[in-house]
Amino acid sequence: MPEAEWERLAAESRRQKGANWKRWGPYLSERQWGTVRESAAEQDPWLNFTHEEALWRTYRWGEDGLMGICDRQCRLCFGLALWNEEDPFLKERLFGLTGPEGNHGEDVKEAYYYLDSTPTHSYLKGLYKYPQTEYPYAQLRQENANRNRQQPEFELTDTKIFDEGRYFDVQVEYAKASPEDILIKVTVSNRGPDAAPLHFLPTWWYRNTWAWGPTLEKPEQKPLLSQVAADELLAEHESLGDFQIYVDTGPDGELPEWLFTENETNSWRFEDPNSRRPSCKDAFHLAVVDGIEGVVNPDPKGTKAAAHFKCVIPGGESVEFRMRMSSKEQLPVAPFGAGFDDAFEERVDEADRYAQSLVAPGLSHDEEMVLRQANAGLLWTKQFYHYVIPRWLENKGKTPAEHADTSPGKPSKRNSDWGHLYNRNIISMPDKWEYPWYAAWDSAFHLIPFAKIDPAFAKDQAILFLREWYMHPNGQLPAYEWNFSDVNPPVHAWACWRVYQMTAANGDRDRVFLERVFQKLLLNFTWWVNRKDIRGKHVFSGGFLGLDNVGIFDRSKPLPTGGHLEQADGTAWMAYFCSSMLSIAFELADGNPAYEDMASKFFEHYVSIAEAMNSLDGTGLWDETDGFYYDHLHIDGRSIPLRIRSIVGLIPLLTVDVVYDRTMEKLPAFRKRMDWFLSFRPDLAKFMTYMECDTQEDGDGRRLLAIPTKERLLRMLRYLLDEDEFLSNYGIRSLSKYHEEHPFEYELNGEQLRVQYLPAESDSGLFGGNSNWRGPIWFPLNYLLIEALERYYMFYGKSLRVECPARSGVYMDLQEVADEIRRRLSKLFLANAEGDRPSYARSDMLLNDPHWRDLVLFYEYFDAETGKGLGASHQTGWTALISPILGTLAARHDAVAAQEAMQEEPA
């Protein structure tokens, strides 16, 4: 019998009346300040809208809050506000360093964790650790400013602020009694030895949609929060509907003091510092922290309201606060009666059963815990994203900065060629602090774990990025908010195909979905061919391609040398695009012959790219001496290989595909065209695996299509599986360790440019200096390499065995190699014999603390030597790929155990 959560998902996907379970969720960003959307088009957003200004300046395009929720259009928001009587600010949002402030780029400086979520957000649980002493804002800024790129980041835990347990664990839980009846429970635990004061202000507010001139969002009537009883608010909004908000008594049995204000910019902050304009965004801070009278609304109404609880929590004790918000159509009889706890208990039980339905047999308790927190992080980081380029370029909002200077000679406006873009959706993003915005290839990788935990959402997200209000009319996908015209790797076709495969395996052969994405992907493919093949030779110069500082030059800018760069990764990504489109065309051609022509098109285009990439006339990207693929710098009629052994040169391995004769038997036109190629182009076999044929015992033939030949594959695998090259104890490095002692150097205008292996953070300011592809481990490309090895295994089976690790004397088939890489990646998060998790290195005190040791963070990338997590600390958008990795390992282990048991049974 289906579990309750799966039933809700099914009802939601059918758009069943009354099944609007996803209307409310954790869609509230953790940082709206310092984003492109909230700055003027020509200005640096980090300087234009700071963390301190977020206290009193109103946002236009979104909102942020602490462990909060909102509806899917971010109209009514709820979040936590805290004050420990020591801090200079009311804690309403997360703090972090902007890009220029951090010695390794932007970074959140908080301790918080996502512990649980169901896909419909019928249950949510998160944890925020709030210090009891003054928050070290200045120390964090100063210490990181004093450090150079060779030193590690200075983290919040390094300040010793959590020593002796002098902090509050603030655990927030949400449970939906029905789609629009949301129960909220906040448990605050004093982990220190002494009693400590806390001001707790659960806060509701409306996003300001009324102050920005005429827009589609501008309400006819301004929304309103008003007090209707000592423990009750009425929330009125013309499109969202009316909600009743209830607050239970505090730990002292008393009701809180209600505070009201307006979600409006406090203009005295920049116009007249001597005035005290009442009822503005920062009124609660001014009243509670600064003790200023007359700043809150004397009338119990406004567009922002908070229930102000004051308490002293004894050392080692916990207190609980309960709230509820219900639509006028779903009002409870007794808001905090027995039904409140019963509903929570039921939703927690359903969340447990849902999580168990995702667990493969054979997972340990620790693996299950990591899996659950990875999925929770992915679900918590879905966000409301709003960005309308034409309105944004008008810059009509009143801010401290005047309109940017648009006189002749001034920089052009950011994203001005994306005038069609109208984004207002819930989007899966890498995280909610560093990324309160999407990046196209990040989002594609999110679809893989989502295909298992919420298949309908995975399909909707895949389609969304191909819609006409996202995709450019010329076929380009928007790259990321800082520059939509930049280029991410074209992995969307692969992601769509994998979503289809994964959901079809459960009986959901959704050909309508596949056709929808295929038609739009054709436009994107055409854009790539027209824009990025400079010489028309099927060798591509993609530009940035998401790998930040992987090379000697900033690939998103014109080369300082002149000429152009032919990229091994850009070219291989296009072959990968072709193979994904070929797979989709094969599937759609079954029953629809019109797609046979498309299959032939992508087959021949793939072969053309492979031929160009592998050409033996000196124009290809394969280096026969080294046995590796390199970028080539074309300048003054010369083609100069840039001999950097990086992940760039491994991407050709991804382009492998297996085609079965049983598939081609259904496609006679394609088979005829392919046979012609086999007959008239025998030369292709010299440099690529070109439909090499193998017949199975059951008579089913299969053919391998891959850019490298078998001999080249083996040469590349020697690098991949060498622990002195790419193979780390924790996965595949992004740059070969060979370059630690043998850095690549290039002289330009008397300056020596260098690429050297760096297992952890970058020492280069290239591309902003906040990412590093010069050594660390990144999950997405590890995942794609694992899949590629499995496709090779589908063809070669156990007939192809390689030494893994190199020079170890241990030989594995390519399935076993793929699983070995999975095991190494898993070690990043799992507790070792000492109880430590390599990715989340902590002091002995925290490591042995029961309130810390089982908390997991999913970082952006990882130190290739120690496994330490680096970059953004909540990057579950990338790193939730650990979820399918753990699941596959467990399933494989279970299958092998079952096979061994059968072999041991007596005849």
# chains A, B, ... in the order shown; residues from 1 in each chain; ligands from 1
>>> residues_around(residues="A:Ala138", least_positions_apart="3", cutoff="12 Å", atoms="only C-alpha atoms", output="PyMOL selection string")
chain A and resi 87-88+95-97+101+109+134-135+141-145+156+159
>>> atom_distance(atom1="atom CA of A:Trp497", atom2="atom CA of A:Ala685")
27.7 Å
>>> closest_atom_pairs(of="stretch 37-116 of chain A", to="stretch 369-378 of chain A", cutoff="7 Å", atoms="only C-alpha atoms", output="tab-separated table")
residue	atom	partner	partner_atom	distance
A:Tyr114	CA	A:Gly377	CA	5.4
A:Leu115	CA	A:Gln373	CA	5.3
A:Asp116	CA	A:Ala376	CA	4.7
>>> residues_around(residues="A:Gln150", least_positions_apart="3", cutoff="8 Å", atoms="only C-alpha atoms", output="list in words")
Arg147, Glu761, Ser762 and Asp763 of chain A
>>> residues_around(residues="A:Ala11", least_positions_apart="5", cutoff="12 Å", atoms="only C-alpha atoms", output="ChimeraX atom specification")
/A:4-6,16-22,120,179,456
>>> select_by_dssp(residues="stretch 659-772 of chain A", states="strand (DSSP E or B)", output="PyMOL selection string")
chain A and resi 659-660+689-695+701-706+727-728+731-733+735+744-748+751-755
>>> write_last_selection(atoms="N, CA and C atoms", output="PDB file, in the first residue's frame")
ATOM      1  N   VAL A 659      24.655   0.902 -28.034  1.00  0.00           N
ATOM      2  CA  VAL A 659      23.468   0.801 -28.885  1.00  0.00           C
ATOM      3  C   VAL A 659      23.203  -0.678 -29.147  1.00  0.00           C
ATOM      4  N   TYR A 660      21.987  -1.123 -28.912  1.00  0.00           N
ATOM      5  CA  TYR A 660      21.643  -2.525 -29.064  1.00  0.00           C
ATOM      6  C   TYR A 660      21.003  -2.785 -30.430  1.00  0.00           C
ATOM      7  N   THR A 689      36.234   4.561 -30.960  1.00  0.00           N
ATOM      8  CA  THR A 689      35.485   3.306 -30.890  1.00  0.00           C
ATOM      9  C   THR A 689      34.192   3.536 -31.652  1.00  0.00           C
ATOM     10  N   TYR A 690      34.147   2.989 -32.870  1.00  0.00           N
ATOM     11  CA  TYR A 690      33.112   3.366 -33.818  1.00  0.00           C
ATOM     12  C   TYR A 690      32.170   2.203 -34.068  1.00  0.00           C
ATOM     13  N   MET A 691      31.162   2.083 -33.272  1.00  0.00           N
ATOM     14  CA  MET A 691      30.156   1.037 -33.409  1.00  0.00           C
ATOM     15  C   MET A 691      30.789  -0.357 -33.440  1.00  0.00           C
ATOM     16  N   GLU A 692      31.829  -0.531 -32.610  1.00  0.00           N
ATOM     17  CA  GLU A 692      32.420  -1.848 -32.436  1.00  0.00           C
ATOM     18  C   GLU A 692      31.337  -2.813 -31.967  1.00  0.00           C
ATOM     19  N   CYS A 693      31.293  -3.981 -32.553  1.00  0.00           N
ATOM     20  CA  CYS A 693      30.165  -4.892 -32.335  1.00  0.00           C
ATOM     21  C   CYS A 693      30.564  -6.068 -31.454  1.00  0.00           C
ATOM     22  N   ASP A 694      29.633  -6.492 -30.625  1.00  0.00           N
ATOM     23  CA  ASP A 694      29.829  -7.663 -29.783  1.00  0.00           C
ATOM     24  C   ASP A 694      28.475  -8.349 -29.658  1.00  0.00           C
ATOM     25  N   THR A 695      28.449  -9.670 -29.797  1.00  0.00           N
ATOM     26  CA  THR A 695      27.187 -10.411 -29.716  1.00  0.00           C
ATOM     27  C   THR A 695      27.129 -11.175 -28.409  1.00  0.00           C
ATOM     28  N   GLY A 701      22.957  -8.433 -30.217  1.00  0.00           N
ATOM     29  CA  GLY A 701      24.183  -7.703 -30.493  1.00  0.00           C
ATOM     30  C   GLY A 701      24.150  -6.319 -29.877  1.00  0.00           C
ATOM     31  N   ARG A 702      25.316  -5.792 -29.619  1.00  0.00           N
ATOM     32  CA  ARG A 702      25.413  -4.438 -29.079  1.00  0.00           C
ATOM     33  C   ARG A 702      26.640  -3.782 -29.693  1.00  0.00           C
ATOM     34  N   ARG A 703      26.554  -2.475 -29.792  1.00  0.00           N
ATOM     35  CA  ARG A 703      27.633  -1.717 -30.414  1.00  0.00           C
ATOM     36  C   ARG A 703      28.041  -0.587 -29.481  1.00  0.00           C
ATOM     37  N   LEU A 704      29.318  -0.290 -29.481  1.00  0.00           N
ATOM     38  CA  LEU A 704      29.865   0.751 -28.613  1.00  0.00           C
ATOM     39  C   LEU A 704      30.209   1.977 -29.447  1.00  0.00           C
ATOM     40  N   LEU A 705      29.793   3.109 -28.964  1.00  0.00           N
ATOM     41  CA  LEU A 705      30.105   4.385 -29.596  1.00  0.00           C
ATOM     42  C   LEU A 705      30.845   5.220 -28.554  1.00  0.00           C
ATOM     43  N   ALA A 706      32.081   5.590 -28.816  1.00  0.00           N
ATOM     44  CA  ALA A 706      32.871   6.341 -27.843  1.00  0.00           C
ATOM     45  C   ALA A 706      33.941   7.146 -28.563  1.00  0.00           C
ATOM     46  N   LEU A 727      43.374   9.777  -8.981  1.00  0.00           N
ATOM     47  CA  LEU A 727      42.629   8.997  -7.992  1.00  0.00           C
ATOM     48  C   LEU A 727      43.050   9.359  -6.571  1.00  0.00           C
ATOM     49  N   SER A 728      42.138  10.011  -5.867  1.00  0.00           N
ATOM     50  CA  SER A 728      42.361  10.359  -4.462  1.00  0.00           C
ATOM     51  C   SER A 728      41.695   9.306  -3.586  1.00  0.00           C
ATOM     52  N   GLY A 731      37.932  10.184  -4.018  1.00  0.00           N
ATOM     53  CA  GLY A 731      37.292  10.385  -5.315  1.00  0.00           C
ATOM     54  C   GLY A 731      38.295  10.817  -6.369  1.00  0.00           C
ATOM     55  N   ILE A 732      37.801  11.413  -7.439  1.00  0.00           N
ATOM     56  CA  ILE A 732      38.646  11.822  -8.558  1.00  0.00           C
ATOM     57  C   ILE A 732      38.978  13.301  -8.437  1.00  0.00           C
ATOM     58  N   ARG A 733      40.262  13.618  -8.458  1.00  0.00           N
ATOM     59  CA  ARG A 733      40.719  15.002  -8.373  1.00  0.00           C
ATOM     60  C   ARG A 733      40.348  15.762  -9.649  1.00  0.00           C
ATOM     61  N   LEU A 735      42.382  18.072 -10.864  1.00  0.00           N
ATOM     62  CA  LEU A 735      43.670  18.293 -11.524  1.00  0.00           C
ATOM     63  C   LEU A 735      44.618  17.206 -11.048  1.00  0.00           C
ATOM     64  N   PHE A 744      52.284  23.464 -14.633  1.00  0.00           N
ATOM     65  CA  PHE A 744      52.271  23.935 -16.023  1.00  0.00           C
ATOM     66  C   PHE A 744      52.514  25.442 -16.005  1.00  0.00           C
ATOM     67  N   GLU A 745      53.427  25.921 -16.862  1.00  0.00           N
ATOM     68  CA  GLU A 745      53.753  27.340 -16.895  1.00  0.00           C
ATOM     69  C   GLU A 745      53.660  27.865 -18.319  1.00  0.00           C
ATOM     70  N   TYR A 746      53.247  29.115 -18.412  1.00  0.00           N
ATOM     71  CA  TYR A 746      53.098  29.761 -19.724  1.00  0.00           C
ATOM     72  C   TYR A 746      53.511  31.218 -19.563  1.00  0.00           C
ATOM     73  N   GLU A 747      54.415  31.682 -20.413  1.00  0.00           N
ATOM     74  CA  GLU A 747      54.905  33.048 -20.317  1.00  0.00           C
ATOM     75  C   GLU A 747      54.064  33.958 -21.197  1.00  0.00           C
ATOM     76  N   LEU A 748      53.584  35.043 -20.626  1.00  0.00           N
ATOM     77  CA  LEU A 748      52.764  36.009 -21.353  1.00  0.00           C
ATOM     78  C   LEU A 748      53.234  37.410 -20.988  1.00  0.00           C
ATOM     79  N   GLU A 751      55.287  37.826 -18.006  1.00  0.00           N
ATOM     80  CA  GLU A 751      54.727  37.277 -16.759  1.00  0.00           C
ATOM     81  C   GLU A 751      54.577  35.768 -16.895  1.00  0.00           C
ATOM     82  N   GLN A 752      54.962  35.045 -15.842  1.00  0.00           N
ATOM     83  CA  GLN A 752      54.884  33.593 -15.855  1.00  0.00           C
ATOM     84  C   GLN A 752      53.552  33.157 -15.236  1.00  0.00           C
ATOM     85  N   LEU A 753      52.655  32.672 -16.093  1.00  0.00           N
ATOM     86  CA  LEU A 753      51.379  32.143 -15.606  1.00  0.00           C
ATOM     87  C   LEU A 753      51.566  30.685 -15.236  1.00  0.00           C
ATOM     88  N   ARG A 754      50.854  30.236 -14.194  1.00  0.00           N
ATOM     89  CA  ARG A 754      51.112  28.898 -13.674  1.00  0.00           C
ATOM     90  C   ARG A 754      49.818  28.215 -13.249  1.00  0.00           C
ATOM     91  N   VAL A 755      49.750  26.926 -13.516  1.00  0.00           N
ATOM     92  CA  VAL A 755      48.706  26.060 -12.974  1.00  0.00           C
ATOM     93  C   VAL A 755      49.401  24.962 -12.197  1.00  0.00           C
TER      94      VAL A 755
END
>>> closest_atom_pairs(of="stretch 38-81 of chain A", to="stretch 426-434 of chain A", cutoff="12 Å", atoms="only C-alpha atoms", output="CSV")
residue,atom,partner,partner_atom,distance
A:Trp46,CA,A:Glu434,CA,11.8
A:His51,CA,A:Trp433,CA,11.9
A:Gly62,CA,A:Ile426,CA,11.7
A:Glu63,CA,A:Lys432,CA,11.4
A:Asp64,CA,A:Lys432,CA,9.2
A:Gly65,CA,A:Lys432,CA,10.3
A:Leu66,CA,A:Lys432,CA,10.7
A:Met67,CA,A:Lys432,CA,10.4
A:Gly68,CA,A:Lys432,CA,11.3
A:Cys70,CA,A:Ile426,CA,11.0
A:Asp71,CA,A:Ile426,CA,9.8
A:Arg72,CA,A:Ile426,CA,6.4
A:Gln73,CA,A:Ile426,CA,8.0
A:Cys74,CA,A:Ile426,CA,9.6
>>> atom_distance(atom1="atom CA of A:Thr35", atom2="atom CA of A:Tyr59")
10.4 Å
>>> closest_residue(among="A:Gly627, A:Ala589, A:Pro558, A:Trp773", to="A:Glu711", atoms="only C-alpha atoms")
A:Gly627
>>> residues_around(residues="A:Gly241", least_positions_apart="5", cutoff="10 Å", atoms="only C-alpha atoms", output="JSON, numbers by chain")
{"A": [223, 235, 236, 327, 328, 329]}
>>> residues_around(residues="A:Met845", least_positions_apart="5", cutoff="10 Å", atoms="only C-alpha atoms", output="compact mmCIF listing (two decimals) with N, CA and C atoms, in the first residue's frame")
# COMPACT_ATOMS: atom_id res chain seq x y z
N PHE A 162 31.38 28.57 20.68
CA PHE A 162 30.53 27.46 21.12
C PHE A 162 31.17 26.66 22.26
N ASP A 163 32.35 27.08 22.70
CA ASP A 163 33.01 26.37 23.80
C ASP A 163 32.13 26.39 25.05
N GLU A 164 32.25 25.33 25.82
CA GLU A 164 31.49 25.14 27.07
C GLU A 164 29.99 25.08 26.81
N GLY A 165 29.62 24.89 25.56
CA GLY A 165 28.19 24.75 25.24
C GLY A 165 27.39 26.02 25.44
N TRP A 852 26.59 17.62 18.27
CA TRP A 852 27.29 17.99 17.04
C TRP A 852 27.66 16.79 16.18
N ARG A 853 27.97 15.66 16.79
CA ARG A 853 28.69 14.61 16.06
C ARG A 853 27.89 13.98 14.92
>>> residues_around(residues="stretch 474-487 of chain A", least_positions_apart="3", cutoff="9 Å", atoms="only C-alpha atoms", output="number ranges by chain")
A: 35-37, 414-415, 417-418, 421, 437-441, 465-466, 470-471, 490, 520-528, 542-546, 556
>>> write_last_selection(atoms="C-alpha atoms", output="PDB file, in the first residue's frame")
ATOM      1  CA  THR A  35      22.358  39.673  -4.959  1.00  0.00           C
ATOM      2  CA  VAL A  36      22.307  40.975  -8.513  1.00  0.00           C
ATOM      3  CA  ARG A  37      18.538  41.408  -8.451  1.00  0.00           C
ATOM      4  CA  ARG A 414      24.052  43.613 -16.936  1.00  0.00           C
ATOM      5  CA  ASN A 415      21.844  40.994 -18.657  1.00  0.00           C
ATOM      6  CA  ASP A 417      20.108  41.218 -23.843  1.00  0.00           C
ATOM      7  CA  TRP A 418      17.769  38.955 -21.844  1.00  0.00           C
ATOM      8  CA  LEU A 421      13.348  36.698 -19.144  1.00  0.00           C
ATOM      9  CA  TRP A 437      19.866  32.104  -7.575  1.00  0.00           C
ATOM     10  CA  TYR A 438      20.198  29.263 -10.064  1.00  0.00           C
ATOM     11  CA  ALA A 439      22.972  28.096 -12.377  1.00  0.00           C
ATOM     12  CA  ALA A 440      21.873  26.027 -15.356  1.00  0.00           C
ATOM     13  CA  TRP A 441      24.181  23.040 -14.990  1.00  0.00           C
ATOM     14  CA  PHE A 465      14.546  25.786 -17.918  1.00  0.00           C
ATOM     15  CA  LEU A 466      13.479  25.113 -21.497  1.00  0.00           C
ATOM     16  CA  TYR A 470      13.761  31.161 -19.468  1.00  0.00           C
ATOM     17  CA  MET A 471      15.424  30.014 -22.718  1.00  0.00           C
ATOM     18  CA  PRO A 490      25.286  21.506 -21.933  1.00  0.00           C
ATOM     19  CA  LYS A 520      13.403  22.605 -26.978  1.00  0.00           C
ATOM     20  CA  LEU A 521      16.769  20.889 -26.648  1.00  0.00           C
ATOM     21  CA  LEU A 522      17.021  20.978 -30.432  1.00  0.00           C
ATOM     22  CA  LEU A 523      16.966  24.772 -30.224  1.00  0.00           C
ATOM     23  CA  ASN A 524      19.674  24.766 -27.586  1.00  0.00           C
ATOM     24  CA  PHE A 525      21.824  22.384 -29.633  1.00  0.00           C
ATOM     25  CA  THR A 526      21.510  24.643 -32.671  1.00  0.00           C
ATOM     26  CA  TRP A 527      22.595  27.639 -30.580  1.00  0.00           C
ATOM     27  CA  TRP A 528      25.742  25.785 -29.542  1.00  0.00           C
ATOM     28  CA  GLY A 542      32.506  26.979 -24.924  1.00  0.00           C
ATOM     29  CA  GLY A 543      34.113  29.632 -22.736  1.00  0.00           C
ATOM     30  CA  PHE A 544      33.529  29.512 -18.978  1.00  0.00           C
ATOM     31  CA  LEU A 545      31.844  26.086 -18.893  1.00  0.00           C
ATOM     32  CA  GLY A 546      31.455  26.200 -15.122  1.00  0.00           C
ATOM     33  CA  SER A 556      34.865  33.614 -19.897  1.00  0.00           C
TER      34      SER A 556
END
>>> closest_residue(among="A:Met812, A:Ile644, A:Leu379, A:Leu240", to="A:His742", atoms="only C-alpha atoms")
A:Ile644
>>> atom_distance(atom1="atom CA of A:Phe687", atom2="atom CA of A:Leu713")
10.9 Å
>>> select_by_dssp(residues="stretch 564-635 of chain A", states="alpha helix (DSSP H)", output="ChimeraX atom specification")
/A:568-589,594-614
>>> closest_residue(among="A:Ile647, A:Leu653, A:Leu781, A:Ala612", to="A:Thr879", atoms="only C-alpha atoms")
A:Leu781
